[in-house]
$ cat entry-v8.pdb   # PDB, N, CA, C and O atoms
ATOM      1  N   LEU A  20     155.334   6.331 185.701
ATOM      2  CA  LEU A  20     156.384   5.576 186.367
ATOM      3  C   LEU A  20     157.506   6.541 186.713
ATOM      4  O   LEU A  20     157.955   7.307 185.860
ATOM      5  N   MET A  21     157.957   6.522 187.957
ATOM      6  CA  MET A  21     158.964   7.457 188.428
ATOM      7  C   MET A  21     160.094   6.696 189.112
ATOM      8  O   MET A  21     159.864   5.961 190.076
ATOM      9  N   ASP A  22     161.294   6.863 188.617
ATOM     10  CA  ASP A  22     162.456   6.262 189.267
ATOM     11  C   ASP A  22     162.864   7.161 190.434
ATOM     12  O   ASP A  22     162.890   8.390 190.296
ATOM     13  N   ILE A  23     163.150   6.575 191.569
ATOM     14  CA  ILE A  23     163.565   7.381 192.722
ATOM     15  C   ILE A  23     164.909   8.048 192.440
ATOM     16  O   ILE A  23     165.094   9.224 192.708
ATOM     17  N   ARG A  24     165.833   7.288 191.888
ATOM     18  CA  ARG A  24     167.163   7.837 191.616
ATOM     19  C   ARG A  24     167.202   8.342 190.187
ATOM     20  O   ARG A  24     167.224   7.576 189.241
ATOM     21  N   ARG A  25     167.198   9.642 190.044
ATOM     22  CA  ARG A  25     167.293  10.270 188.738
ATOM     23  C   ARG A  25     168.213  11.474 188.881
ATOM     24  O   ARG A  25     168.355  12.025 189.960
ATOM     25  N   PRO A  26     168.851  11.872 187.792
ATOM     26  CA  PRO A  26     169.781  12.993 187.866
ATOM     27  C   PRO A  26     169.055  14.289 188.238
ATOM     28  O   PRO A  26     167.910  14.496 187.848
ATOM     29  N   GLY A  27     169.734  15.103 188.998
ATOM     30  CA  GLY A  27     169.121  16.369 189.413
ATOM     31  C   GLY A  27     168.134  16.140 190.537
ATOM     32  O   GLY A  27     168.481  15.666 191.601
ATOM     33  N   LEU A  28     166.887  16.430 190.280
ATOM     34  CA  LEU A  28     165.818  16.274 191.260
ATOM     35  C   LEU A  28     165.454  14.798 191.400
ATOM     36  O   LEU A  28     165.129  14.145 190.408
ATOM     37  N   ASP A  29     165.517  14.269 192.627
ATOM     38  CA  ASP A  29     165.187  12.850 192.786
ATOM     39  C   ASP A  29     163.687  12.623 192.637
ATOM     40  O   ASP A  29     162.882  13.565 192.660
ATOM     41  N   GLY A  30     163.305  11.379 192.435
ATOM     42  CA  GLY A  30     161.922  11.041 192.160
ATOM     43  C   GLY A  30     160.954  11.398 193.268
ATOM     44  O   GLY A  30     159.803  11.747 193.010
ATOM     45  N   VAL A  31     161.396  11.324 194.515
ATOM     46  CA  VAL A  31     160.525  11.671 195.638
ATOM     47  C   VAL A  31     160.212  13.166 195.593
ATOM     48  O   VAL A  31     159.053  13.580 195.722
ATOM     49  N   GLN A  32     161.240  13.984 195.402
ATOM     50  CA  GLN A  32     161.022  15.433 195.339
ATOM     51  C   GLN A  32     160.168  15.818 194.129
ATOM     52  O   GLN A  32     159.290  16.669 194.225
ATOM     53  N   LEU A  33     160.418  15.187 192.991
ATOM     54  CA  LEU A  33     159.633  15.476 191.794
ATOM     55  C   LEU A  33     158.172  15.061 191.988
ATOM     56  O   LEU A  33     157.249  15.778 191.583
ATOM     57  N   THR A  34     157.934  13.942 192.647
ATOM     58  CA  THR A  34     156.568  13.510 192.941
ATOM     59  C   THR A  34     155.873  14.527 193.838
ATOM     60  O   THR A  34     154.703  14.870 193.614
ATOM     61  N   LYS A  35     156.571  15.042 194.835
ATOM     62  CA  LYS A  35     155.992  16.081 195.703
ATOM     63  C   LYS A  35     155.590  17.299 194.884
ATOM     64  O   LYS A  35     154.524  17.880 195.100
ATOM     65  N   GLN A  36     156.431  17.694 193.942
ATOM     66  CA  GLN A  36     156.119  18.849 193.105
ATOM     67  C   GLN A  36     154.900  18.567 192.222
ATOM     68  O   GLN A  36     154.030  19.428 192.059
ATOM     69  N   LEU A  37     154.834  17.376 191.638
ATOM     70  CA  LEU A  37     153.683  17.017 190.806
ATOM     71  C   LEU A  37     152.394  17.042 191.623
ATOM     72  O   LEU A  37     151.363  17.546 191.168
ATOM     73  N   LYS A  38     152.437  16.498 192.820
ATOM     74  CA  LYS A  38     151.252  16.426 193.662
ATOM     75  C   LYS A  38     150.839  17.798 194.195
ATOM     76  O   LYS A  38     149.683  17.998 194.558
ATOM     77  N   ALA A  39     151.748  18.753 194.212
ATOM     78  CA  ALA A  39     151.439  20.110 194.655
ATOM     79  C   ALA A  39     150.770  20.936 193.551
ATOM     80  O   ALA A  39     150.206  21.993 193.819
ATOM     81  N   SER A  40     150.812  20.454 192.323
ATOM     82  CA  SER A  40     150.218  21.156 191.187
ATOM     83  C   SER A  40     148.767  20.715 190.999
ATOM     84  O   SER A  40     148.489  19.526 190.845
ATOM     85  N   SER A  41     147.846  21.664 190.983
ATOM     86  CA  SER A  41     146.432  21.308 190.812
ATOM     87  C   SER A  41     146.168  20.629 189.470
ATOM     88  O   SER A  41     145.264  19.813 189.347
ATOM     89  N   HIS A  42     146.966  20.926 188.466
ATOM     90  CA  HIS A  42     146.785  20.335 187.146
ATOM     91  C   HIS A  42     147.342  18.908 187.046
ATOM     92  O   HIS A  42     146.907  18.129 186.202
ATOM     93  N   LEU A  43     148.304  18.575 187.892
ATOM     94  CA  LEU A  43     148.996  17.292 187.779
ATOM     95  C   LEU A  43     148.750  16.345 188.952
ATOM     96  O   LEU A  43     149.106  15.175 188.882
ATOM     97  N   ALA A  44     148.144  16.849 190.006
ATOM     98  CA  ALA A  44     148.008  16.074 191.247
ATOM     99  C   ALA A  44     147.234  14.774 191.066
ATOM    100  O   ALA A  44     147.470  13.808 191.788
ATOM    101  N   GLY A  45     146.329  14.716 190.092
ATOM    102  CA  GLY A  45     145.519  13.519 189.899
ATOM    103  C   GLY A  45     146.198  12.407 189.129
ATOM    104  O   GLY A  45     145.646  11.316 189.003
ATOM    105  N   ILE A  46     147.394  12.662 188.625
ATOM    106  CA  ILE A  46     148.115  11.633 187.870
ATOM    107  C   ILE A  46     148.757  10.665 188.859
ATOM    108  O   ILE A  46     149.561  11.071 189.694
ATOM    109  N   PRO A  47     148.404   9.387 188.787
ATOM    110  CA  PRO A  47     149.020   8.437 189.720
ATOM    111  C   PRO A  47     150.497   8.205 189.382
ATOM    112  O   PRO A  47     150.862   8.126 188.217
ATOM    113  N   VAL A  48     151.303   8.124 190.423
ATOM    114  CA  VAL A  48     152.743   7.901 190.265
ATOM    115  C   VAL A  48     153.089   6.558 190.885
ATOM    116  O   VAL A  48     152.744   6.290 192.036
ATOM    117  N   ILE A  49     153.758   5.724 190.102
ATOM    118  CA  ILE A  49     154.278   4.458 190.615
ATOM    119  C   ILE A  49     155.788   4.611 190.696
ATOM    120  O   ILE A  49     156.447   4.847 189.691
ATOM    121  N   MET A  50     156.323   4.509 191.894
ATOM    122  CA  MET A  50     157.760   4.652 192.113
ATOM    123  C   MET A  50     158.461   3.344 191.778
ATOM    124  O   MET A  50     157.969   2.267 192.105
ATOM    125  N   MET A  51     159.626   3.457 191.140
ATOM    126  CA  MET A  51     160.453   2.299 190.806
ATOM    127  C   MET A  51     161.840   2.527 191.404
ATOM    128  O   MET A  51     162.395   3.619 191.283
ATOM    129  N   THR A  52     162.378   1.507 192.024
ATOM    130  CA  THR A  52     163.708   1.629 192.608
ATOM    131  C   THR A  52     164.296   0.261 192.914
ATOM    132  O   THR A  52     163.571  -0.725 193.020
ATOM    133  N   GLY A  53     165.588   0.229 193.053
ATOM    134  CA  GLY A  53     166.271  -0.969 193.509
ATOM    135  C   GLY A  53     166.417  -0.964 195.019
ATOM    136  O   GLY A  53     166.905  -1.922 195.612
ATOM    137  N   ASP A  54     165.989   0.111 195.664
ATOM    138  CA  ASP A  54     166.103   0.285 197.114
ATOM    139  C   ASP A  54     164.784  -0.097 197.772
ATOM    140  O   ASP A  54     163.818   0.657 197.722
ATOM    141  N   ALA A  55     164.733  -1.269 198.372
ATOM    142  CA  ALA A  55     163.505  -1.748 199.009
ATOM    143  C   ALA A  55     163.468  -1.423 200.502
ATOM    144  O   ALA A  55     162.692  -2.020 201.243
ATOM    145  N   SER A  56     164.256  -0.447 200.921
ATOM    146  CA  SER A  56     164.287  -0.113 202.350
ATOM    147  C   SER A  56     162.971   0.524 202.787
ATOM    148  O   SER A  56     162.240   1.120 201.984
ATOM    149  N   LYS A  57     162.679   0.391 204.055
ATOM    150  CA  LYS A  57     161.450   0.958 204.616
ATOM    151  C   LYS A  57     161.431   2.476 204.402
ATOM    152  O   LYS A  57     160.390   3.049 204.093
ATOM    153  N   GLY A  58     162.583   3.109 204.531
ATOM    154  CA  GLY A  58     162.671   4.562 204.349
ATOM    155  C   GLY A  58     162.309   4.998 202.938
ATOM    156  O   GLY A  58     161.603   5.985 202.749
ATOM    157  N   ALA A  59     162.781   4.255 201.943
ATOM    158  CA  ALA A  59     162.481   4.594 200.544
ATOM    159  C   ALA A  59     160.994   4.441 200.260
ATOM    160  O   ALA A  59     160.383   5.281 199.589
ATOM    161  N   ILE A  60     160.410   3.379 200.780
ATOM    162  CA  ILE A  60     158.983   3.142 200.570
ATOM    163  C   ILE A  60     158.161   4.221 201.264
ATOM    164  O   ILE A  60     157.254   4.813 200.670
ATOM    165  N   LEU A  61     158.475   4.507 202.511
ATOM    166  CA  LEU A  61     157.732   5.518 203.268
ATOM    167  C   LEU A  61     157.847   6.902 202.643
ATOM    168  O   LEU A  61     156.844   7.610 202.500
ATOM    169  N   SER A  62     159.049   7.295 202.249
ATOM    170  CA  SER A  62     159.214   8.628 201.668
ATOM    171  C   SER A  62     158.463   8.744 200.343
ATOM    172  O   SER A  62     157.887   9.789 200.032
ATOM    173  N   SER A  63     158.421   7.668 199.574
ATOM    174  CA  SER A  63     157.683   7.661 198.309
ATOM    175  C   SER A  63     156.190   7.814 198.548
ATOM    176  O   SER A  63     155.513   8.610 197.881
ATOM    177  N   MET A  64     155.662   7.047 199.478
ATOM    178  CA  MET A  64     154.234   7.102 199.759
ATOM    179  C   MET A  64     153.851   8.442 200.390
ATOM    180  O   MET A  64     152.805   9.003 200.064
ATOM    181  N   GLU A  65     154.694   8.972 201.258
ATOM    182  CA  GLU A  65     154.426  10.282 201.855
ATOM    183  C   GLU A  65     154.440  11.385 200.800
ATOM    184  O   GLU A  65     153.737  12.385 200.933
ATOM    185  N   ALA A  66     155.224  11.198 199.754
ATOM    186  CA  ALA A  66     155.293  12.180 198.665
ATOM    187  C   ALA A  66     154.044  12.134 197.795
ATOM    188  O   ALA A  66     153.790  13.055 197.026
ATOM    189  N   GLY A  67     153.272  11.054 197.904
ATOM    190  CA  GLY A  67     152.040  10.945 197.141
ATOM    191  C   GLY A  67     152.017   9.839 196.106
ATOM    192  O   GLY A  67     151.097   9.763 195.292
ATOM    193  N   ALA A  68     153.017   8.979 196.126
ATOM    194  CA  ALA A  68     153.045   7.866 195.173
ATOM    195  C   ALA A  68     151.859   6.939 195.421
ATOM    196  O   ALA A  68     151.459   6.706 196.561
ATOM    197  N   ALA A  69     151.309   6.415 194.340
ATOM    198  CA  ALA A  69     150.171   5.507 194.432
ATOM    199  C   ALA A  69     150.618   4.074 194.694
ATOM    200  O   ALA A  69     149.859   3.271 195.233
ATOM    201  N   ALA A  70     151.855   3.757 194.297
ATOM    202  CA  ALA A  70     152.372   2.394 194.464
ATOM    203  C   ALA A  70     153.893   2.426 194.358
ATOM    204  O   ALA A  70     154.483   3.451 194.025
ATOM    205  N   PHE A  71     154.493   1.290 194.614
ATOM    206  CA  PHE A  71     155.942   1.166 194.700
ATOM    207  C   PHE A  71     156.337  -0.173 194.087
ATOM    208  O   PHE A  71     155.743  -1.195 194.414
ATOM    209  N   VAL A  72     157.316  -0.168 193.176
ATOM    210  CA  VAL A  72     157.795  -1.398 192.542
ATOM    211  C   VAL A  72     159.310  -1.459 192.726
ATOM    212  O   VAL A  72     160.016  -0.489 192.458
ATOM    213  N   VAL A  73     159.799  -2.606 193.192
ATOM    214  CA  VAL A  73     161.235  -2.779 193.423
ATOM    215  C   VAL A  73     161.864  -3.474 192.221
ATOM    216  O   VAL A  73     161.365  -4.492 191.737
ATOM    217  N   LYS A  74     162.952  -2.893 191.721
ATOM    218  CA  LYS A  74     163.708  -3.472 190.600
ATOM    219  C   LYS A  74     164.637  -4.555 191.129
ATOM    220  O   LYS A  74     165.150  -4.405 192.232
ATOM    221  N   PRO A  75     164.885  -5.591 190.392
ATOM    222  CA  PRO A  75     164.269  -5.912 189.108
ATOM    223  C   PRO A  75     162.864  -6.447 189.339
ATOM    224  O   PRO A  75     162.584  -7.103 190.336
ATOM    225  N   PHE A  76     161.971  -6.168 188.418
ATOM    226  CA  PHE A  76     160.613  -6.667 188.506
ATOM    227  C   PHE A  76     160.254  -7.351 187.187
ATOM    228  O   PHE A  76     160.873  -7.107 186.162
ATOM    229  N   THR A  77     159.250  -8.201 187.255
ATOM    230  CA  THR A  77     158.817  -8.903 186.047
ATOM    231  C   THR A  77     157.773  -8.068 185.317
ATOM    232  O   THR A  77     157.145  -7.174 185.913
ATOM    233  N   LYS A  78     157.570  -8.386 184.061
ATOM    234  CA  LYS A  78     156.540  -7.711 183.269
ATOM    235  C   LYS A  78     155.173  -7.913 183.924
ATOM    236  O   LYS A  78     154.372  -6.987 184.011
ATOM    237  N   GLY A  79     154.943  -9.117 184.407
ATOM    238  CA  GLY A  79     153.675  -9.427 185.062
ATOM    239  C   GLY A  79     153.444  -8.616 186.327
ATOM    240  O   GLY A  79     152.335  -8.138 186.576
ATOM    241  N   ALA A  80     154.495  -8.463 187.130
ATOM    242  CA  ALA A  80     154.374  -7.690 188.372
ATOM    243  C   ALA A  80     154.077  -6.226 188.069
ATOM    244  O   ALA A  80     153.232  -5.602 188.723
ATOM    245  N   LEU A  81     154.754  -5.676 187.073
ATOM    246  CA  LEU A  81     154.526  -4.280 186.708
ATOM    247  C   LEU A  81     153.124  -4.101 186.126
ATOM    248  O   LEU A  81     152.411  -3.162 186.493
ATOM    249  N   THR A  82     152.712  -5.019 185.263
ATOM    250  CA  THR A  82     151.376  -4.945 184.671
ATOM    251  C   THR A  82     150.301  -5.010 185.753
ATOM    252  O   THR A  82     149.335  -4.239 185.740
ATOM    253  N   SER A  83     150.472  -5.902 186.702
ATOM    254  CA  SER A  83     149.530  -6.043 187.804
ATOM    255  C   SER A  83     149.443  -4.758 188.611
ATOM    256  O   SER A  83     148.344  -4.294 188.965
ATOM    257  N   LYS A  84     150.583  -4.161 188.900
ATOM    258  CA  LYS A  84     150.610  -2.919 189.677
ATOM    259  C   LYS A  84     149.947  -1.788 188.895
ATOM    260  O   LYS A  84     149.158  -1.026 189.448
ATOM    261  N   LEU A  85     150.239  -1.688 187.595
ATOM    262  CA  LEU A  85     149.624  -0.659 186.756
ATOM    263  C   LEU A  85     148.102  -0.808 186.726
ATOM    264  O   LEU A  85     147.366   0.179 186.877
ATOM    265  N   LEU A  86     147.630  -2.029 186.510
ATOM    266  CA  LEU A  86     146.181  -2.264 186.463
ATOM    267  C   LEU A  86     145.515  -1.913 187.792
ATOM    268  O   LEU A  86     144.434  -1.334 187.805
ATOM    269  N   ALA A  87     146.165  -2.262 188.891
ATOM    270  CA  ALA A  87     145.595  -1.958 190.215
ATOM    271  C   ALA A  87     145.497  -0.443 190.430
ATOM    272  O   ALA A  87     144.468   0.059 190.898
ATOM    273  N   VAL A  88     146.521   0.273 190.068
ATOM    274  CA  VAL A  88     146.527   1.732 190.265
ATOM    275  C   VAL A  88     145.533   2.412 189.326
ATOM    276  O   VAL A  88     144.789   3.294 189.729
ATOM    277  N   LEU A  89     145.507   2.000 188.079
ATOM    278  CA  LEU A  89     144.632   2.644 187.103
ATOM    279  C   LEU A  89     143.151   2.306 187.308
ATOM    280  O   LEU A  89     142.284   3.027 186.830
ATOM    281  N   SER A  90     142.862   1.226 188.010
ATOM    282  CA  SER A  90     141.461   0.851 188.247
ATOM    283  C   SER A  90     140.865   1.570 189.471
ATOM    284  O   SER A  90     139.659   1.472 189.701
ATOM    285  N   ARG A  91     141.685   2.295 190.196
ATOM    286  CA  ARG A  91     141.180   3.012 191.386
ATOM    287  C   ARG A  91     140.321   4.172 190.985
ATOM    288  O   ARG A  91     140.441   4.797 190.002
TER     289      ARG A  91
END

$ encode --input "entry-v8.pdb" --output "structure tokens"
Amino acid sequence: LMDIRRPGLDGVQLTKQLKASSHLAGIPVIMMTGDASKGAILSSMEAGAAAFVVKPFTKGALTSKLLAVLSR
């Protein structure tokens, strides 16, 4: 789970770095943010995120998203 807004390196940039590493690229990243704008979603997916969850979210919504990503 990766928050887009984090101190220092933002979640989109950190996801790009993870996906550029041969050792870490296979780890699925689910982006979390309170920003549901088209730009935030697109930049996250372009960075390599497997899914996107908008805060606030329910336990059920997060569980569903996790199961969907992990079953791929």

$ resolve_selection --input "entry-v8.pdb" --expression "the PyMOL selection byres ((chain A and resi 59-68) around 8)" --output "list of chain:residue names"
A:Ile23, A:Gly30, A:Val31, A:Gln32, A:Leu33, A:Thr34, A:Lys35, A:Gln36, A:Leu37, A:Lys38, A:Ala39, A:Ala44, A:Ile46, A:Pro47, A:Val48, A:Ile49, A:Met50, A:Asp54, A:Ala55, A:Ser56, A:Lys57, A:Gly58, A:Ala69, A:Ala70, A:Phe71

$ resolve_selection --input "entry-v8.pdb" --expression "the PyMOL selection byres ((chain A and resi 73-89) around 5)" --output "PyMOL selection string"
chain A and resi 52-53+71-72+90-91

$ select_by_dssp --input "entry-v8.pdb" --residues "region 60-90 of chain A" --states "strand (DSSP E)" --output "PDB file with N, CA, C and O atoms, keeping the file's coordinate frame"
ATOM      1  N   ALA A  70     151.855   3.757 194.297  1.00  0.00           N
ATOM      2  CA  ALA A  70     152.372   2.394 194.464  1.00  0.00           C
ATOM      3  C   ALA A  70     153.893   2.426 194.358  1.00  0.00           C
ATOM      4  O   ALA A  70     154.483   3.451 194.025  1.00  0.00           O
ATOM      5  N   PHE A  71     154.493   1.290 194.614  1.00  0.00           N
ATOM      6  CA  PHE A  71     155.942   1.166 194.700  1.00  0.00           C
ATOM      7  C   PHE A  71     156.337  -0.173 194.087  1.00  0.00           C
ATOM      8  O   PHE A  71     155.743  -1.195 194.414  1.00  0.00           O
ATOM      9  N   VAL A  72     157.316  -0.168 193.176  1.00  0.00           N
ATOM     10  CA  VAL A  72     157.795  -1.398 192.542  1.00  0.00           C
ATOM     11  C   VAL A  72     159.310  -1.459 192.726  1.00  0.00           C
ATOM     12  O   VAL A  72     160.016  -0.489 192.458  1.00  0.00           O
ATOM     13  N   VAL A  73     159.799  -2.606 193.192  1.00  0.00           N
ATOM     14  CA  VAL A  73     161.235  -2.779 193.423  1.00  0.00           C
ATOM     15  C   VAL A  73     161.864  -3.474 192.221  1.00  0.00           C
ATOM     16  O   VAL A  73     161.365  -4.492 191.737  1.00  0.00           O
TER      17      VAL A  73
END

$ axis_aligned_box --input "entry-v8.pdb" --around "region 54-64 of chain A" --padding-each-side "8 Å" --output "AutoDock Vina command-line options"
--center_x 159.5 --center_y 3.9 --center_z 200.1 --size_x 29.3 --size_y 27.8 --size_z 25.0

$ select_by_dssp --input "entry-v8.pdb" --residues "chain A" --states "alpha helix (DSSP H)" --output "PyMOL selection string"
chain A and resi 30-39+57-66+78-89

$ build_atoms --input "entry-v8.pdb" --residues "region 33-44 of chain A" --atoms "all heavy atoms" --output "PDB file, keeping the file's coordinate frame"
ATOM      1  N   LEU A  33     160.418  15.187 192.991  1.00  0.00           N
ATOM      2  CA  LEU A  33     159.633  15.476 191.794  1.00  0.00           C
ATOM      3  C   LEU A  33     158.172  15.061 191.988  1.00  0.00           C
ATOM      4  O   LEU A  33     157.249  15.778 191.583  1.00  0.00           O
ATOM      5  CB  LEU A  33     160.230  14.783 190.577  1.00  0.00           C
ATOM      6  CG  LEU A  33     159.556  15.080 189.239  1.00  0.00           C
ATOM      7  CD1 LEU A  33     159.454  16.575 188.968  1.00  0.00           C
ATOM      8  CD2 LEU A  33     160.321  14.394 188.111  1.00  0.00           C
ATOM      9  N   THR A  34     157.934  13.942 192.647  1.00  0.00           N
ATOM     10  CA  THR A  34     156.568  13.510 192.941  1.00  0.00           C
ATOM     11  C   THR A  34     155.873  14.527 193.838  1.00  0.00           C
ATOM     12  O   THR A  34     154.703  14.870 193.614  1.00  0.00           O
ATOM     13  CB  THR A  34     156.561  12.114 193.583  1.00  0.00           C
ATOM     14  OG1 THR A  34     157.133  11.186 192.650  1.00  0.00           O
ATOM     15  CG2 THR A  34     155.155  11.659 193.943  1.00  0.00           C
ATOM     16  N   LYS A  35     156.571  15.042 194.835  1.00  0.00           N
ATOM     17  CA  LYS A  35     155.992  16.081 195.703  1.00  0.00           C
ATOM     18  C   LYS A  35     155.590  17.299 194.884  1.00  0.00           C
ATOM     19  O   LYS A  35     154.524  17.880 195.100  1.00  0.00           O
ATOM     20  CB  LYS A  35     156.992  16.492 196.788  1.00  0.00           C
ATOM     21  CG  LYS A  35     157.159  15.483 197.888  1.00  0.00           C
ATOM     22  CD  LYS A  35     158.161  15.975 198.911  1.00  0.00           C
ATOM     23  CE  LYS A  35     158.411  14.947 199.984  1.00  0.00           C
ATOM     24  NZ  LYS A  35     159.437  15.400 200.956  1.00  0.00           N
ATOM     25  N   GLN A  36     156.431  17.694 193.942  1.00  0.00           N
ATOM     26  CA  GLN A  36     156.119  18.849 193.105  1.00  0.00           C
ATOM     27  C   GLN A  36     154.900  18.567 192.222  1.00  0.00           C
ATOM     28  O   GLN A  36     154.030  19.428 192.059  1.00  0.00           O
ATOM     29  CB  GLN A  36     157.311  19.239 192.238  1.00  0.00           C
ATOM     30  CG  GLN A  36     158.419  19.899 193.017  1.00  0.00           C
ATOM     31  CD  GLN A  36     159.558  20.374 192.132  1.00  0.00           C
ATOM     32  OE1 GLN A  36     159.505  20.295 190.907  1.00  0.00           O
ATOM     33  NE2 GLN A  36     160.612  20.868 192.758  1.00  0.00           N
ATOM     34  N   LEU A  37     154.834  17.376 191.638  1.00  0.00           N
ATOM     35  CA  LEU A  37     153.683  17.017 190.806  1.00  0.00           C
ATOM     36  C   LEU A  37     152.394  17.042 191.623  1.00  0.00           C
ATOM     37  O   LEU A  37     151.363  17.546 191.168  1.00  0.00           O
ATOM     38  CB  LEU A  37     153.873  15.625 190.201  1.00  0.00           C
ATOM     39  CG  LEU A  37     154.957  15.471 189.144  1.00  0.00           C
ATOM     40  CD1 LEU A  37     155.160  14.002 188.801  1.00  0.00           C
ATOM     41  CD2 LEU A  37     154.603  16.259 187.902  1.00  0.00           C
ATOM     42  N   LYS A  38     152.437  16.498 192.820  1.00  0.00           N
ATOM     43  CA  LYS A  38     151.252  16.426 193.662  1.00  0.00           C
ATOM     44  C   LYS A  38     150.839  17.798 194.195  1.00  0.00           C
ATOM     45  O   LYS A  38     149.683  17.998 194.558  1.00  0.00           O
ATOM     46  CB  LYS A  38     151.468  15.447 194.827  1.00  0.00           C
ATOM     47  CG  LYS A  38     151.645  14.002 194.371  1.00  0.00           C
ATOM     48  CD  LYS A  38     150.449  13.549 193.562  1.00  0.00           C
ATOM     49  CE  LYS A  38     150.589  12.153 193.018  1.00  0.00           C
ATOM     50  NZ  LYS A  38     149.427  11.732 192.253  1.00  0.00           N
ATOM     51  N   ALA A  39     151.748  18.753 194.212  1.00  0.00           N
ATOM     52  CA  ALA A  39     151.439  20.110 194.655  1.00  0.00           C
ATOM     53  C   ALA A  39     150.770  20.936 193.551  1.00  0.00           C
ATOM     54  O   ALA A  39     150.206  21.993 193.819  1.00  0.00           O
ATOM     55  CB  ALA A  39     152.707  20.811 195.133  1.00  0.00           C
ATOM     56  N   SER A  40     150.812  20.454 192.323  1.00  0.00           N
ATOM     57  CA  SER A  40     150.218  21.156 191.187  1.00  0.00           C
ATOM     58  C   SER A  40     148.767  20.715 190.999  1.00  0.00           C
ATOM     59  O   SER A  40     148.489  19.526 190.845  1.00  0.00           O
ATOM     60  CB  SER A  40     151.006  20.848 189.909  1.00  0.00           C
ATOM     61  OG  SER A  40     150.282  21.271 188.767  1.00  0.00           O
ATOM     62  N   SER A  41     147.846  21.664 190.983  1.00  0.00           N
ATOM     63  CA  SER A  41     146.432  21.308 190.812  1.00  0.00           C
ATOM     64  C   SER A  41     146.168  20.629 189.470  1.00  0.00           C
ATOM     65  O   SER A  41     145.264  19.813 189.347  1.00  0.00           O
ATOM     66  CB  SER A  41     145.553  22.550 190.958  1.00  0.00           C
ATOM     67  OG  SER A  41     145.881  23.511 189.974  1.00  0.00           O
ATOM     68  N   HIS A  42     146.966  20.926 188.466  1.00  0.00           N
ATOM     69  CA  HIS A  42     146.785  20.335 187.146  1.00  0.00           C
ATOM     70  C   HIS A  42     147.342  18.908 187.046  1.00  0.00           C
ATOM     71  O   HIS A  42     146.907  18.129 186.202  1.00  0.00           O
ATOM     72  CB  HIS A  42     147.466  21.190 186.070  1.00  0.00           C
ATOM     73  CG  HIS A  42     146.816  22.509 185.893  1.00  0.00           C
ATOM     74  ND1 HIS A  42     147.233  23.634 186.581  1.00  0.00           N
ATOM     75  CD2 HIS A  42     145.768  22.887 185.130  1.00  0.00           C
ATOM     76  CE1 HIS A  42     146.472  24.644 186.238  1.00  0.00           C
ATOM     77  NE2 HIS A  42     145.567  24.226 185.358  1.00  0.00           N
ATOM     78  N   LEU A  43     148.304  18.575 187.892  1.00  0.00           N
ATOM     79  CA  LEU A  43     148.996  17.292 187.779  1.00  0.00           C
ATOM     80  C   LEU A  43     148.750  16.345 188.952  1.00  0.00           C
ATOM     81  O   LEU A  43     149.106  15.175 188.882  1.00  0.00           O
ATOM     82  CB  LEU A  43     150.505  17.537 187.634  1.00  0.00           C
ATOM     83  CG  LEU A  43     150.927  18.430 186.466  1.00  0.00           C
ATOM     84  CD1 LEU A  43     152.415  18.734 186.545  1.00  0.00           C
ATOM     85  CD2 LEU A  43     150.563  17.799 185.147  1.00  0.00           C
ATOM     86  N   ALA A  44     148.144  16.849 190.006  1.00  0.00           N
ATOM     87  CA  ALA A  44     148.008  16.074 191.247  1.00  0.00           C
ATOM     88  C   ALA A  44     147.234  14.774 191.066  1.00  0.00           C
ATOM     89  O   ALA A  44     147.470  13.808 191.788  1.00  0.00           O
ATOM     90  CB  ALA A  44     147.355  16.927 192.327  1.00  0.00           C
TER      91      ALA A  44
END
